[in-house]
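Shown next: target-v2.tsv, containing TSV, N, CA, C and O atoms.
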```tsv
chain	number	residue	atom	x	y	z
Y	193	MET	N	25.12	2.09	8.42
Y	193	MET	CA	24.77	3.18	7.54
Y	193	MET	C	23.42	2.90	6.92
Y	193	MET	O	23.16	1.79	6.45
Y	194	GLU	N	22.56	3.89	6.90
Y	194	GLU	CA	21.21	3.73	6.39
Y	194	GLU	C	21.21	3.80	4.86
Y	194	GLU	O	21.82	4.68	4.26
Y	195	LYS	N	20.54	2.86	4.23
Y	195	LYS	CA	20.45	2.82	2.78
Y	195	LYS	C	19.34	3.76	2.31
Y	195	LYS	O	18.25	3.75	2.85
Y	196	ILE	N	19.62	4.56	1.30
Y	196	ILE	CA	18.63	5.49	0.77
Y	196	ILE	C	17.96	4.86	-0.43
Y	196	ILE	O	18.63	4.36	-1.34
Y	197	ILE	N	16.63	4.88	-0.45
Y	197	ILE	CA	15.87	4.32	-1.55
Y	197	ILE	C	15.01	5.42	-2.15
Y	197	ILE	O	14.28	6.10	-1.43
Y	198	ALA	N	15.08	5.61	-3.45
Y	198	ALA	CA	14.26	6.60	-4.13
Y	198	ALA	C	13.09	5.89	-4.79
Y	198	ALA	O	13.27	5.00	-5.61
Y	199	VAL	N	11.90	6.26	-4.39
Y	199	VAL	CA	10.69	5.68	-4.98
Y	199	VAL	C	10.06	6.79	-5.81
Y	199	VAL	O	9.64	7.81	-5.29
Y	200	ARG	N	10.00	6.57	-7.11
Y	200	ARG	CA	9.46	7.59	-8.00
Y	200	ARG	C	8.24	7.04	-8.72
Y	200	ARG	O	8.05	5.85	-8.83
Y	201	LEU	N	7.46	7.97	-9.24
Y	201	LEU	CA	6.30	7.64	-10.05
Y	201	LEU	C	5.32	6.72	-9.32
Y	201	LEU	O	5.01	5.63	-9.77
Y	202	ILE	N	4.81	7.17	-8.22
Y	202	ILE	CA	3.78	6.44	-7.51
Y	202	ILE	C	2.44	6.87	-8.08
Y	202	ILE	O	2.12	8.04	-8.11
Y	203	GLU	N	1.69	5.91	-8.56
Y	203	GLU	CA	0.40	6.19	-9.18
Y	203	GLU	C	-0.66	6.36	-8.08
Y	203	GLU	O	-0.98	5.42	-7.37
Y	204	ILE	N	-1.20	7.57	-7.96
Y	204	ILE	CA	-2.24	7.81	-6.97
Y	204	ILE	C	-3.59	7.42	-7.55
Y	204	ILE	O	-3.73	7.19	-8.75
Y	205	ASP	N	-4.60	7.35	-6.71
Y	205	ASP	CA	-5.94	6.95	-7.14
Y	205	ASP	C	-6.81	8.19	-7.35
Y	205	ASP	O	-7.37	8.71	-6.40
Y	206	PRO	N	-6.95	8.67	-8.58
Y	206	PRO	CA	-7.77	9.86	-8.83
Y	206	PRO	C	-9.27	9.59	-8.70
Y	206	PRO	O	-10.06	10.51	-8.62
Y	207	GLN	N	-9.66	8.32	-8.65
Y	207	GLN	CA	-11.07	7.95	-8.57
Y	207	GLN	C	-11.56	7.81	-7.13
Y	207	GLN	O	-12.71	7.48	-6.90
Y	208	ALA	N	-10.69	8.04	-6.17
Y	208	ALA	CA	-11.06	7.89	-4.76
Y	208	ALA	C	-12.22	8.83	-4.44
Y	208	ALA	O	-12.19	10.01	-4.77
Y	209	THR	N	-13.25	8.29	-3.81
Y	209	THR	CA	-14.43	9.09	-3.50
Y	209	THR	C	-14.34	9.79	-2.16
Y	209	THR	O	-15.13	10.67	-1.86
Y	210	GLU	N	-13.37	9.42	-1.34
Y	210	GLU	CA	-13.18	10.07	-0.06
Y	210	GLU	C	-11.71	10.46	0.08
Y	210	GLU	O	-10.84	9.87	-0.53
Y	211	LYS	N	-11.45	11.48	0.86
Y	211	LYS	CA	-10.09	11.94	1.05
Y	211	LYS	C	-9.29	10.90	1.83
Y	211	LYS	O	-9.83	10.16	2.63
Y	212	ALA	N	-8.02	10.92	1.58
Y	212	ALA	CA	-7.13	10.03	2.33
Y	212	ALA	C	-7.08	10.47	3.79
Y	212	ALA	O	-7.25	11.64	4.09
Y	213	THR	N	-6.87	9.54	4.68
Y	213	THR	CA	-6.79	9.86	6.10
Y	213	THR	C	-5.41	10.43	6.41
Y	213	THR	O	-4.45	10.21	5.66
Y	214	ASN	N	-5.29	11.13	7.50
Y	214	ASN	CA	-4.00	11.63	7.98
Y	214	ASN	C	-3.21	12.43	6.94
Y	214	ASN	O	-2.00	12.49	7.00
Y	215	PHE	N	-3.89	12.98	5.94
Y	215	PHE	CA	-3.24	13.76	4.89
Y	215	PHE	C	-2.22	12.94	4.11
Y	215	PHE	O	-1.26	13.47	3.58
Y	216	ASP	N	-2.41	11.65	4.06
Y	216	ASP	CA	-1.49	10.81	3.31
Y	216	ASP	C	-2.05	10.56	1.90
Y	216	ASP	O	-2.96	11.25	1.48
Y	217	ILE	N	-1.53	9.59	1.19
Y	217	ILE	CA	-1.82	9.44	-0.24
Y	217	ILE	C	-2.62	8.18	-0.51
Y	217	ILE	O	-2.22	7.07	-0.14
Y	218	ARG	N	-3.76	8.32	-1.19
Y	218	ARG	CA	-4.58	7.19	-1.61
Y	218	ARG	C	-3.99	6.63	-2.90
Y	218	ARG	O	-3.68	7.38	-3.82
Y	219	ILE	N	-3.79	5.30	-2.96
Y	219	ILE	CA	-3.25	4.65	-4.15
Y	219	ILE	C	-4.18	3.52	-4.60
Y	219	ILE	O	-4.99	3.03	-3.83
Y	220	LYS	N	-3.99	3.11	-5.84
Y	220	LYS	CA	-4.77	2.00	-6.39
Y	220	LYS	C	-4.23	0.68	-5.88
Y	220	LYS	O	-3.08	0.57	-5.47
Y	221	LYS	N	-5.06	-0.33	-5.97
Y	221	LYS	CA	-4.66	-1.67	-5.55
Y	221	LYS	C	-3.46	-2.16	-6.35
Y	221	LYS	O	-2.50	-2.70	-5.79
Y	222	SER	N	-3.49	-1.97	-7.65
Y	222	SER	CA	-2.38	-2.42	-8.50
Y	222	SER	C	-1.07	-1.74	-8.11
Y	222	SER	O	0.00	-2.34	-8.18
Y	223	GLU	N	-1.15	-0.47	-7.68
Y	223	GLU	CA	0.05	0.23	-7.26
Y	223	GLU	C	0.55	-0.30	-5.92
Y	223	GLU	O	1.76	-0.45	-5.72
Y	224	ALA	N	-0.35	-0.62	-5.02
Y	224	ALA	CA	0.05	-1.21	-3.74
Y	224	ALA	C	0.76	-2.54	-3.99
Y	224	ALA	O	1.82	-2.80	-3.40
Y	225	GLU	N	0.22	-3.35	-4.87
Y	225	GLU	CA	0.83	-4.64	-5.19
Y	225	GLU	C	2.22	-4.45	-5.81
Y	225	GLU	O	3.17	-5.14	-5.45
Y	226	ARG	N	2.32	-3.51	-6.73
Y	226	ARG	CA	3.61	-3.26	-7.40
Y	226	ARG	C	4.67	-2.81	-6.40
Y	226	ARG	O	5.80	-3.33	-6.40
Y	227	LEU	N	4.32	-1.86	-5.54
Y	227	LEU	CA	5.29	-1.35	-4.57
Y	227	LEU	C	5.75	-2.44	-3.61
Y	227	LEU	O	6.94	-2.56	-3.31
Y	228	ILE	N	4.82	-3.26	-3.14
Y	228	ILE	CA	5.18	-4.33	-2.22
Y	228	ILE	C	6.05	-5.37	-2.92
Y	228	ILE	O	7.05	-5.84	-2.37
Y	229	ARG	N	5.71	-5.73	-4.16
Y	229	ARG	CA	6.51	-6.71	-4.91
Y	229	ARG	C	7.92	-6.19	-5.19
Y	229	ARG	O	8.90	-6.89	-5.00
Y	230	GLU	N	8.03	-4.95	-5.64
Y	230	GLU	CA	9.32	-4.41	-6.06
Y	230	GLU	C	10.24	-4.03	-4.91
Y	230	GLU	O	11.44	-4.22	-4.99
Y	231	PHE	N	9.67	-3.46	-3.84
Y	231	PHE	CA	10.51	-2.91	-2.78
Y	231	PHE	C	10.50	-3.73	-1.49
Y	231	PHE	O	11.29	-3.49	-0.60
Y	232	ARG	N	9.55	-4.66	-1.38
Y	232	ARG	CA	9.44	-5.52	-0.21
Y	232	ARG	C	9.48	-4.72	1.09
Y	232	ARG	O	8.65	-3.86	1.28
Y	233	TYR	N	10.45	-4.95	1.95
Y	233	TYR	CA	10.52	-4.27	3.25
Y	233	TYR	C	11.31	-2.97	3.20
Y	233	TYR	O	11.52	-2.33	4.22
Y	234	ALA	N	11.79	-2.57	2.03
Y	234	ALA	CA	12.68	-1.42	1.91
Y	234	ALA	C	11.96	-0.09	1.72
Y	234	ALA	O	12.61	0.93	1.58
Y	235	LEU	N	10.65	-0.08	1.70
Y	235	LEU	CA	9.92	1.17	1.49
Y	235	LEU	C	10.07	2.11	2.69
Y	235	LEU	O	10.04	1.67	3.84
Y	236	PRO	N	10.21	3.40	2.42
Y	236	PRO	CA	10.34	4.37	3.52
Y	236	PRO	C	9.00	4.83	4.09
Y	236	PRO	O	8.92	5.83	4.77
Y	237	PHE	N	7.94	4.09	3.78
Y	237	PHE	CA	6.59	4.39	4.26
Y	237	PHE	C	5.81	3.09	4.35
Y	237	PHE	O	6.27	2.05	3.89
Y	238	ASP	N	4.64	3.14	4.96
Y	238	ASP	CA	3.79	1.95	5.07
Y	238	ASP	C	2.69	2.00	4.02
Y	238	ASP	O	2.14	3.06	3.73
Y	239	ILE	N	2.36	0.84	3.48
Y	239	ILE	CA	1.19	0.72	2.62
Y	239	ILE	C	0.09	0.14	3.49
Y	239	ILE	O	0.20	-0.98	3.99
Y	240	MET	N	-0.95	0.92	3.68
Y	240	MET	CA	-2.02	0.58	4.60
Y	240	MET	C	-3.26	0.13	3.82
Y	240	MET	O	-3.53	0.62	2.73
Y	241	CYS	N	-4.03	-0.79	4.42
Y	241	CYS	CA	-5.25	-1.29	3.82
Y	241	CYS	C	-6.39	-1.15	4.81
Y	241	CYS	O	-6.27	-1.53	5.97
Y	242	LYS	N	-7.50	-0.61	4.32
Y	242	LYS	CA	-8.66	-0.38	5.19
Y	242	LYS	C	-9.41	-1.67	5.49
Y	242	LYS	O	-9.95	-1.85	6.57
Y	243	GLU	N	-9.47	-2.58	4.54
Y	243	GLU	CA	-10.27	-3.80	4.69
Y	243	GLU	C	-9.53	-4.96	5.35
Y	243	GLU	O	-10.12	-6.00	5.61
Y	244	TYR	N	-8.27	-4.80	5.61
Y	244	TYR	CA	-7.46	-5.88	6.20
Y	244	TYR	C	-7.74	-5.96	7.69
Y	244	TYR	O	-7.77	-4.96	8.39
Y	245	GLY	N	-7.92	-7.15	8.20
Y	245	GLY	CA	-8.10	-7.32	9.65
Y	245	GLY	C	-9.51	-7.01	10.13
Y	245	GLY	O	-10.46	-6.91	9.36
Y	246	GLU	N	-9.64	-6.83	11.41
Y	246	GLU	CA	-10.93	-6.62	12.07
Y	246	GLU	C	-11.16	-5.14	12.36
Y	246	GLU	O	-10.23	-4.39	12.59
Y	247	GLY	N	-12.42	-4.74	12.36
Y	247	GLY	CA	-12.76	-3.38	12.77
Y	247	GLY	C	-12.44	-2.32	11.74
Y	247	GLY	O	-12.23	-2.61	10.57
Y	248	LYS	N	-12.38	-1.09	12.22
Y	248	LYS	CA	-12.17	0.04	11.33
Y	248	LYS	C	-10.71	0.47	11.23
Y	248	LYS	O	-10.39	1.42	10.54
Y	249	ASP	N	-9.83	-0.21	11.94
Y	249	ASP	CA	-8.42	0.16	11.93
Y	249	ASP	C	-7.78	-0.19	10.59
Y	249	ASP	O	-8.05	-1.23	10.00
Y	250	TRP	N	-6.91	0.70	10.12
Y	250	TRP	CA	-6.10	0.43	8.94
Y	250	TRP	C	-4.93	-0.44	9.38
Y	250	TRP	O	-4.41	-0.29	10.48
Y	251	VAL	N	-4.48	-1.35	8.51
Y	251	VAL	CA	-3.38	-2.26	8.84
Y	251	VAL	C	-2.32	-2.17	7.74
Y	251	VAL	O	-2.64	-2.13	6.55
Y	252	ALA	N	-1.05	-2.15	8.15
Y	252	ALA	CA	0.06	-2.12	7.19
Y	252	ALA	C	0.21	-3.49	6.53
Y	252	ALA	O	0.12	-4.52	7.18
Y	253	LEU	N	0.46	-3.47	5.23
Y	253	LEU	CA	0.65	-4.70	4.48
Y	253	LEU	C	2.14	-5.02	4.38
Y	253	LEU	O	2.98	-4.13	4.43
Y	254	THR	N	2.44	-6.31	4.23
Y	254	THR	CA	3.82	-6.77	4.05
Y	254	THR	C	3.87	-7.69	2.83
Y	254	THR	O	2.83	-8.10	2.31
Y	255	PRO	N	5.05	-8.05	2.38
Y	255	PRO	CA	5.17	-8.97	1.24
Y	255	PRO	C	4.45	-10.31	1.48
Y	255	PRO	O	3.99	-10.95	0.53
Y	256	GLU	N	4.33	-10.72	2.74
Y	256	GLU	CA	3.64	-11.98	3.03
Y	256	GLU	C	2.14	-11.91	2.72
Y	256	GLU	O	1.47	-12.94	2.64
Y	257	ASP	N	1.60	-10.71	2.56
Y	257	ASP	CA	0.18	-10.56	2.24
Y	257	ASP	C	-0.11	-10.80	0.76
Y	257	ASP	O	-1.26	-10.95	0.37
Y	258	LEU	N	0.93	-10.85	-0.06
Y	258	LEU	CA	0.76	-11.16	-1.48
Y	258	LEU	C	0.61	-12.67	-1.66
Y	258	LEU	O	1.29	-13.45	-1.01
Y	259	ASP	N	-0.27	-13.07	-2.56
Y	259	ASP	CA	-0.42	-14.48	-2.90
Y	259	ASP	C	0.89	-14.96	-3.52
Y	259	ASP	O	1.43	-14.32	-4.43
Y	260	GLU	N	1.42	-16.08	-3.06
Y	260	GLU	CA	2.70	-16.59	-3.54
Y	260	GLU	C	2.71	-16.92	-5.03
Y	260	GLU	O	3.70	-16.74	-5.70
Y	261	GLN	N	1.58	-17.39	-5.54
Y	261	GLN	CA	1.53	-17.80	-6.95
Y	261	GLN	C	1.23	-16.63	-7.88
Y	261	GLN	O	1.80	-16.54	-8.96
Y	262	THR	N	0.32	-15.74	-7.49
Y	262	THR	CA	-0.09	-14.66	-8.38
Y	262	THR	C	0.64	-13.34	-8.12
Y	262	THR	O	0.69	-12.48	-9.00
Y	263	GLY	N	1.14	-13.16	-6.91
Y	263	GLY	CA	1.77	-11.90	-6.55
Y	263	GLY	C	0.77	-10.78	-6.33
Y	263	GLY	O	1.12	-9.61	-6.34
Y	264	LEU	N	-0.50	-11.15	-6.11
Y	264	LEU	CA	-1.58	-10.18	-5.94
Y	264	LEU	C	-2.13	-10.23	-4.52
Y	264	LEU	O	-1.98	-11.22	-3.82
Y	265	LEU	N	-2.79	-9.16	-4.13
Y	265	LEU	CA	-3.46	-9.10	-2.83
Y	265	LEU	C	-4.85	-9.71	-2.93
Y	265	LEU	O	-5.41	-9.83	-4.02
Y	266	ASP	N	-5.42	-10.08	-1.81
Y	266	ASP	CA	-6.76	-10.65	-1.74
Y	266	ASP	C	-7.76	-9.71	-2.40
Y	266	ASP	O	-7.67	-8.49	-2.28
Y	267	GLU	N	-8.73	-10.27	-3.09
Y	267	GLU	CA	-9.75	-9.48	-3.78
Y	267	GLU	C	-10.57	-8.60	-2.86
Y	267	GLU	O	-11.10	-7.57	-3.27
Y	268	SER	N	-10.70	-8.98	-1.60
Y	268	SER	CA	-11.51	-8.20	-0.66
Y	268	SER	C	-10.82	-6.90	-0.24
Y	268	SER	O	-11.46	-6.00	0.29
Y	269	TYR	N	-9.52	-6.78	-0.50
Y	269	TYR	CA	-8.78	-5.55	-0.17
Y	269	TYR	C	-8.94	-4.56	-1.31
Y	269	TYR	O	-8.54	-4.83	-2.43
Y	270	GLN	N	-9.52	-3.40	-1.03
Y	270	GLN	CA	-9.80	-2.44	-2.09
Y	270	GLN	C	-9.34	-1.01	-1.81
Y	270	GLN	O	-9.24	-0.22	-2.73
Y	271	THR	N	-9.08	-0.65	-0.55
Y	271	THR	CA	-8.77	0.72	-0.20
Y	271	THR	C	-7.36	0.78	0.38
Y	271	THR	O	-7.08	0.17	1.41
Y	272	PHE	N	-6.48	1.53	-0.30
Y	272	PHE	CA	-5.06	1.56	0.06
Y	272	PHE	C	-4.57	3.00	0.19
Y	272	PHE	O	-4.98	3.87	-0.56
Y	273	GLU	N	-3.66	3.19	1.13
Y	273	GLU	CA	-3.02	4.48	1.31
Y	273	GLU	C	-1.55	4.28	1.66
Y	273	GLU	O	-1.17	3.26	2.21
Y	274	ILE	N	-0.77	5.29	1.34
Y	274	ILE	CA	0.61	5.36	1.79
Y	274	ILE	C	0.60	6.23	3.02
Y	274	ILE	O	0.07	7.34	3.02
Y	275	TRP	N	1.15	5.71	4.11
Y	275	TRP	CA	1.27	6.47	5.36
Y	275	TRP	C	2.75	6.67	5.65
Y	275	TRP	O	3.51	5.71	5.72
Y	276	PHE	N	3.12	7.92	5.80
Y	276	PHE	CA	4.51	8.24	6.11
Y	276	PHE	C	4.73	8.11	7.60
Y	276	PHE	O	3.89	8.50	8.39
Y	277	ASN	N	5.85	7.53	7.98
Y	277	ASN	CA	6.18	7.32	9.39
Y	277	ASN	C	6.66	8.59	10.03
Y	277	ASN	O	7.29	9.39	9.53
```
What would you get if you wrote out this structure as C-alpha coordinates?
Amino acid sequence: MEKIIAVRLIEIDPQATEKATNFDIRIKKSEAERLIREFRYALPFDIMCKEYGEGKDWVALTPEDLDEQTGLLDESYQTFEIWFN
(Lines of atoms letter the chains of each structure in order from A and count residues from 1; the text may use other names and numbers.)
(Lines give C-alpha, C1' and ligand atoms only; values in the text may rest on other atoms or scores of the structure.)
Protein backbone atom coordinates (compact mmCIF):
# COMPACT_ATOMS: atom_id res chain seq x y z
CA MET A 1 0.00 0.00 0.00
CA GLU A 2 1.36 3.39 -0.98
CA LYS A 3 1.90 5.86 1.86
CA ILE A 4 0.42 9.33 1.30
CA ILE A 5 2.52 12.30 2.39
CA ALA A 6 1.14 15.83 2.55
CA VAL A 7 3.74 18.52 2.03
CA ARG A 8 2.38 21.94 2.87
CA LEU A 9 3.76 25.45 2.99
CA ILE A 10 6.59 25.18 0.51
CA GLU A 11 8.41 28.49 0.39
CA ILE A 12 8.96 29.51 -3.23
CA ASP A 13 11.71 31.89 -4.34
CA PRO A 14 10.10 35.24 -5.26
CA GLN A 15 13.54 36.71 -6.03
CA ALA A 16 14.25 34.29 -8.89
CA THR A 17 15.40 36.26 -11.92
CA GLU A 18 14.49 33.57 -14.43
CA LYS A 19 11.43 31.38 -14.78
CA ALA A 20 11.53 27.85 -13.53
CA THR A 21 12.13 25.19 -16.15
CA ASN A 22 9.45 22.70 -17.18
CA PHE A 23 6.77 24.85 -15.50
CA ASP A 24 7.90 23.59 -12.12
CA ILE A 25 8.57 25.56 -8.93
CA ARG A 26 11.71 27.55 -8.05
CA ILE A 27 12.57 27.34 -4.33
CA LYS A 28 15.18 28.87 -2.05
CA LYS A 29 18.23 26.98 -0.90
CA SER A 30 17.04 26.98 2.71
CA GLU A 31 13.74 25.45 1.60
CA ALA A 32 15.52 22.73 -0.39
CA GLU A 33 17.60 21.90 2.68
CA ARG A 34 14.54 21.83 4.94
CA LEU A 35 12.54 19.56 2.64
CA ILE A 36 15.42 17.11 2.22
CA ARG A 37 16.12 17.05 5.98
CA GLU A 38 12.48 16.62 7.03
CA PHE A 39 11.17 14.26 4.36
CA ARG A 40 14.32 12.48 3.16
CA TYR A 41 13.31 9.99 0.42
CA ALA A 42 9.56 10.33 1.05
CA LEU A 43 8.94 13.42 -1.09
CA PRO A 44 6.47 12.98 -3.95
CA PHE A 45 8.70 15.13 -6.20
CA ASP A 46 12.38 15.71 -6.91
CA ILE A 47 14.42 18.63 -5.62
CA MET A 48 16.69 19.57 -8.49
CA CYS A 49 19.88 21.65 -8.46
CA LYS A 50 21.30 23.48 -11.45
CA GLU A 51 24.88 23.71 -10.18
CA TYR A 52 25.24 20.08 -9.08
CA GLY A 53 27.36 17.86 -11.30
CA GLU A 54 28.81 18.55 -14.73
CA GLY A 55 27.35 20.52 -17.62
CA LYS A 56 24.00 22.21 -17.88
CA ASP A 57 21.89 19.27 -16.72
CA TRP A 58 19.85 19.63 -13.54
CA VAL A 59 20.48 16.85 -10.97
CA ALA A 60 18.14 15.55 -8.26
CA LEU A 61 19.42 15.93 -4.71
CA THR A 62 19.24 13.27 -1.99
CA PRO A 63 19.77 13.33 1.79
CA GLU A 64 23.37 12.21 1.17
CA ASP A 65 24.03 15.61 -0.44
CA LEU A 66 23.55 17.33 2.92
CA ASP A 67 26.65 17.88 5.05
CA GLU A 68 26.49 15.37 7.93
CA GLN A 69 27.53 17.90 10.56
CA THR A 70 25.66 21.03 9.44
CA GLY A 71 22.70 19.55 7.57
CA LEU A 72 23.30 22.10 4.80
CA LEU A 73 24.03 21.83 1.09
CA ASP A 74 27.32 22.90 -0.47
CA GLU A 75 27.72 26.68 -0.81
CA SER A 76 28.21 26.39 -4.57
CA TYR A 77 24.62 25.11 -4.99
CA GLN A 78 22.35 28.11 -5.45
CA THR A 79 19.54 27.32 -7.93
CA PHE A 80 16.82 24.87 -6.88
CA GLU A 81 13.53 23.69 -8.29
CA ILE A 82 10.85 21.17 -7.45
CA TRP A 83 10.20 18.87 -10.39
CA PHE A 84 7.08 16.76 -10.36
CA ASN A 85 7.45 13.22 -11.66
Exercise. Neighbours of Asp266 of chain Y within 12 Å (only C-alpha atoms; same-chain residues fewer than 2 positions away dropped), as a ChimeraX atom specification?
Worked result: /Y:221-222,224-225,241,243-245,253,256-260,262-264,268-271
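We find atom N of Glu230 of chain Y and atom CA of Pro255 of chain Y to be spaced 8.5 Å apart.
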Problem set entry | Nearby residues, (8.4, -3.3, 6.0) file frame, 7 Å, only N, CA, C and O atoms, as a PyMOL selection string | chain Y and resi 232-235+237+253-255
Exercise. Atom N of Trp275 of chain Y and atom CA of Ala252 of chain Y, how far apart in Å?
Worked result: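 Atom-to-atom, atom CA of Ala252 of chain Y to atom N of Trp275 of chain Y, that is 8.5 Å.
Note that the spacing between atom CA of Lys242 of chain Y and atom CA of Arg218 of chain Y amounts to 11.0 Å.
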Problem set entry | For Val251 of chain Y, the nearest of the candidates Y:Ile202, Y:Asp238, Y:Glu267, Y:Lys220, counting all atoms listed in the file |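 The closest residue to Val251 of chain Y is Y:Asp238.
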Can you give me all heavy atoms for segment 257-268 of chain Y, written as an mmCIF file, keeping the file's coordinate frame?
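Ended up saving to out_1.cif:
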```
data_model
loop_
_atom_site.group_PDB
_atom_site.id
_atom_site.type_symbol
_atom_site.label_atom_id
_atom_site.label_comp_id
_atom_site.auth_asym_id
_atom_site.auth_seq_id
_atom_site.Cartn_x
_atom_site.Cartn_y
_atom_site.Cartn_z
ATOM 1 N N ASP Y 257 1.600 -10.710 2.560
ATOM 2 C CA ASP Y 257 0.180 -10.560 2.240
ATOM 3 C C ASP Y 257 -0.110 -10.800 0.760
ATOM 4 O O ASP Y 257 -1.260 -10.950 0.370
ATOM 5 C CB ASP Y 257 -0.314 -9.158 2.636
ATOM 6 C CG ASP Y 257 -0.272 -8.968 4.140
ATOM 7 O OD1 ASP Y 257 -0.727 -9.875 4.865
ATOM 8 O OD2 ASP Y 257 0.222 -7.922 4.600
ATOM 9 N N LEU Y 258 0.930 -10.850 -0.060
ATOM 10 C CA LEU Y 258 0.760 -11.160 -1.480
ATOM 11 C C LEU Y 258 0.610 -12.670 -1.660
ATOM 12 O O LEU Y 258 1.290 -13.450 -1.010
ATOM 13 C CB LEU Y 258 1.961 -10.681 -2.291
ATOM 14 C CG LEU Y 258 2.199 -9.176 -2.360
ATOM 15 C CD1 LEU Y 258 3.541 -8.897 -3.021
ATOM 16 C CD2 LEU Y 258 1.076 -8.486 -3.104
ATOM 17 N N ASP Y 259 -0.270 -13.070 -2.560
ATOM 18 C CA ASP Y 259 -0.420 -14.480 -2.900
ATOM 19 C C ASP Y 259 0.890 -14.960 -3.520
ATOM 20 O O ASP Y 259 1.430 -14.320 -4.430
ATOM 21 C CB ASP Y 259 -1.581 -14.653 -3.887
ATOM 22 C CG ASP Y 259 -1.821 -16.099 -4.226
ATOM 23 O OD1 ASP Y 259 -1.126 -16.612 -5.135
ATOM 24 O OD2 ASP Y 259 -2.695 -16.721 -3.594
ATOM 25 N N GLU Y 260 1.420 -16.080 -3.060
ATOM 26 C CA GLU Y 260 2.700 -16.590 -3.540
ATOM 27 C C GLU Y 260 2.710 -16.920 -5.030
ATOM 28 O O GLU Y 260 3.700 -16.740 -5.700
ATOM 29 C CB GLU Y 260 3.107 -17.834 -2.753
ATOM 30 C CG GLU Y 260 3.493 -17.548 -1.322
ATOM 31 C CD GLU Y 260 3.911 -18.798 -0.577
ATOM 32 O OE1 GLU Y 260 4.167 -19.837 -1.228
ATOM 33 O OE2 GLU Y 260 3.982 -18.738 0.661
ATOM 34 N N GLN Y 261 1.580 -17.390 -5.540
ATOM 35 C CA GLN Y 261 1.530 -17.800 -6.950
ATOM 36 C C GLN Y 261 1.230 -16.630 -7.880
ATOM 37 O O GLN Y 261 1.800 -16.540 -8.960
ATOM 38 C CB GLN Y 261 0.495 -18.896 -7.131
ATOM 39 C CG GLN Y 261 0.895 -20.169 -6.432
ATOM 40 C CD GLN Y 261 -0.122 -21.270 -6.614
ATOM 41 O OE1 GLN Y 261 -1.221 -21.046 -7.102
ATOM 42 N NE2 GLN Y 261 0.238 -22.471 -6.209
ATOM 43 N N THR Y 262 0.320 -15.740 -7.490
ATOM 44 C CA THR Y 262 -0.090 -14.660 -8.380
ATOM 45 C C THR Y 262 0.640 -13.340 -8.120
ATOM 46 O O THR Y 262 0.690 -12.480 -9.000
ATOM 47 C CB THR Y 262 -1.596 -14.395 -8.262
ATOM 48 O OG1 THR Y 262 -1.894 -13.916 -6.948
ATOM 49 C CG2 THR Y 262 -2.403 -15.650 -8.570
ATOM 50 N N GLY Y 263 1.140 -13.160 -6.910
ATOM 51 C CA GLY Y 263 1.770 -11.900 -6.550
ATOM 52 C C GLY Y 263 0.770 -10.780 -6.330
ATOM 53 O O GLY Y 263 1.120 -9.610 -6.340
ATOM 54 N N LEU Y 264 -0.500 -11.150 -6.110
ATOM 55 C CA LEU Y 264 -1.580 -10.180 -5.940
ATOM 56 C C LEU Y 264 -2.130 -10.230 -4.520
ATOM 57 O O LEU Y 264 -1.980 -11.220 -3.820
ATOM 58 C CB LEU Y 264 -2.708 -10.442 -6.935
ATOM 59 C CG LEU Y 264 -2.305 -10.427 -8.416
ATOM 60 C CD1 LEU Y 264 -3.502 -10.821 -9.281
ATOM 61 C CD2 LEU Y 264 -1.760 -9.069 -8.821
ATOM 62 N N LEU Y 265 -2.790 -9.160 -4.130
ATOM 63 C CA LEU Y 265 -3.460 -9.100 -2.830
ATOM 64 C C LEU Y 265 -4.850 -9.710 -2.930
ATOM 65 O O LEU Y 265 -5.410 -9.830 -4.020
ATOM 66 C CB LEU Y 265 -3.561 -7.647 -2.365
ATOM 67 C CG LEU Y 265 -2.223 -6.971 -2.052
ATOM 68 C CD1 LEU Y 265 -2.403 -5.466 -1.947
ATOM 69 C CD2 LEU Y 265 -1.631 -7.531 -0.771
ATOM 70 N N ASP Y 266 -5.420 -10.080 -1.810
ATOM 71 C CA ASP Y 266 -6.760 -10.650 -1.740
ATOM 72 C C ASP Y 266 -7.760 -9.710 -2.400
ATOM 73 O O ASP Y 266 -7.670 -8.490 -2.280
ATOM 74 C CB ASP Y 266 -7.130 -10.874 -0.270
ATOM 75 C CG ASP Y 266 -8.402 -11.663 -0.128
ATOM 76 O OD1 ASP Y 266 -9.475 -11.047 -0.224
ATOM 77 O OD2 ASP Y 266 -8.322 -12.878 0.085
ATOM 78 N N GLU Y 267 -8.730 -10.270 -3.090
ATOM 79 C CA GLU Y 267 -9.750 -9.480 -3.780
ATOM 80 C C GLU Y 267 -10.570 -8.600 -2.860
ATOM 81 O O GLU Y 267 -11.100 -7.570 -3.270
ATOM 82 C CB GLU Y 267 -10.700 -10.402 -4.572
ATOM 83 C CG GLU Y 267 -10.080 -10.979 -5.818
ATOM 84 C CD GLU Y 267 -9.705 -9.911 -6.828
ATOM 85 O OE1 GLU Y 267 -10.493 -8.971 -7.056
ATOM 86 O OE2 GLU Y 267 -8.598 -10.019 -7.387
ATOM 87 N N SER Y 268 -10.700 -8.980 -1.600
ATOM 88 C CA SER Y 268 -11.510 -8.200 -0.660
ATOM 89 C C SER Y 268 -10.820 -6.900 -0.240
ATOM 90 O O SER Y 268 -11.460 -6.000 0.290
ATOM 91 C CB SER Y 268 -11.858 -9.024 0.574
ATOM 92 O OG SER Y 268 -10.682 -9.349 1.292
#
```
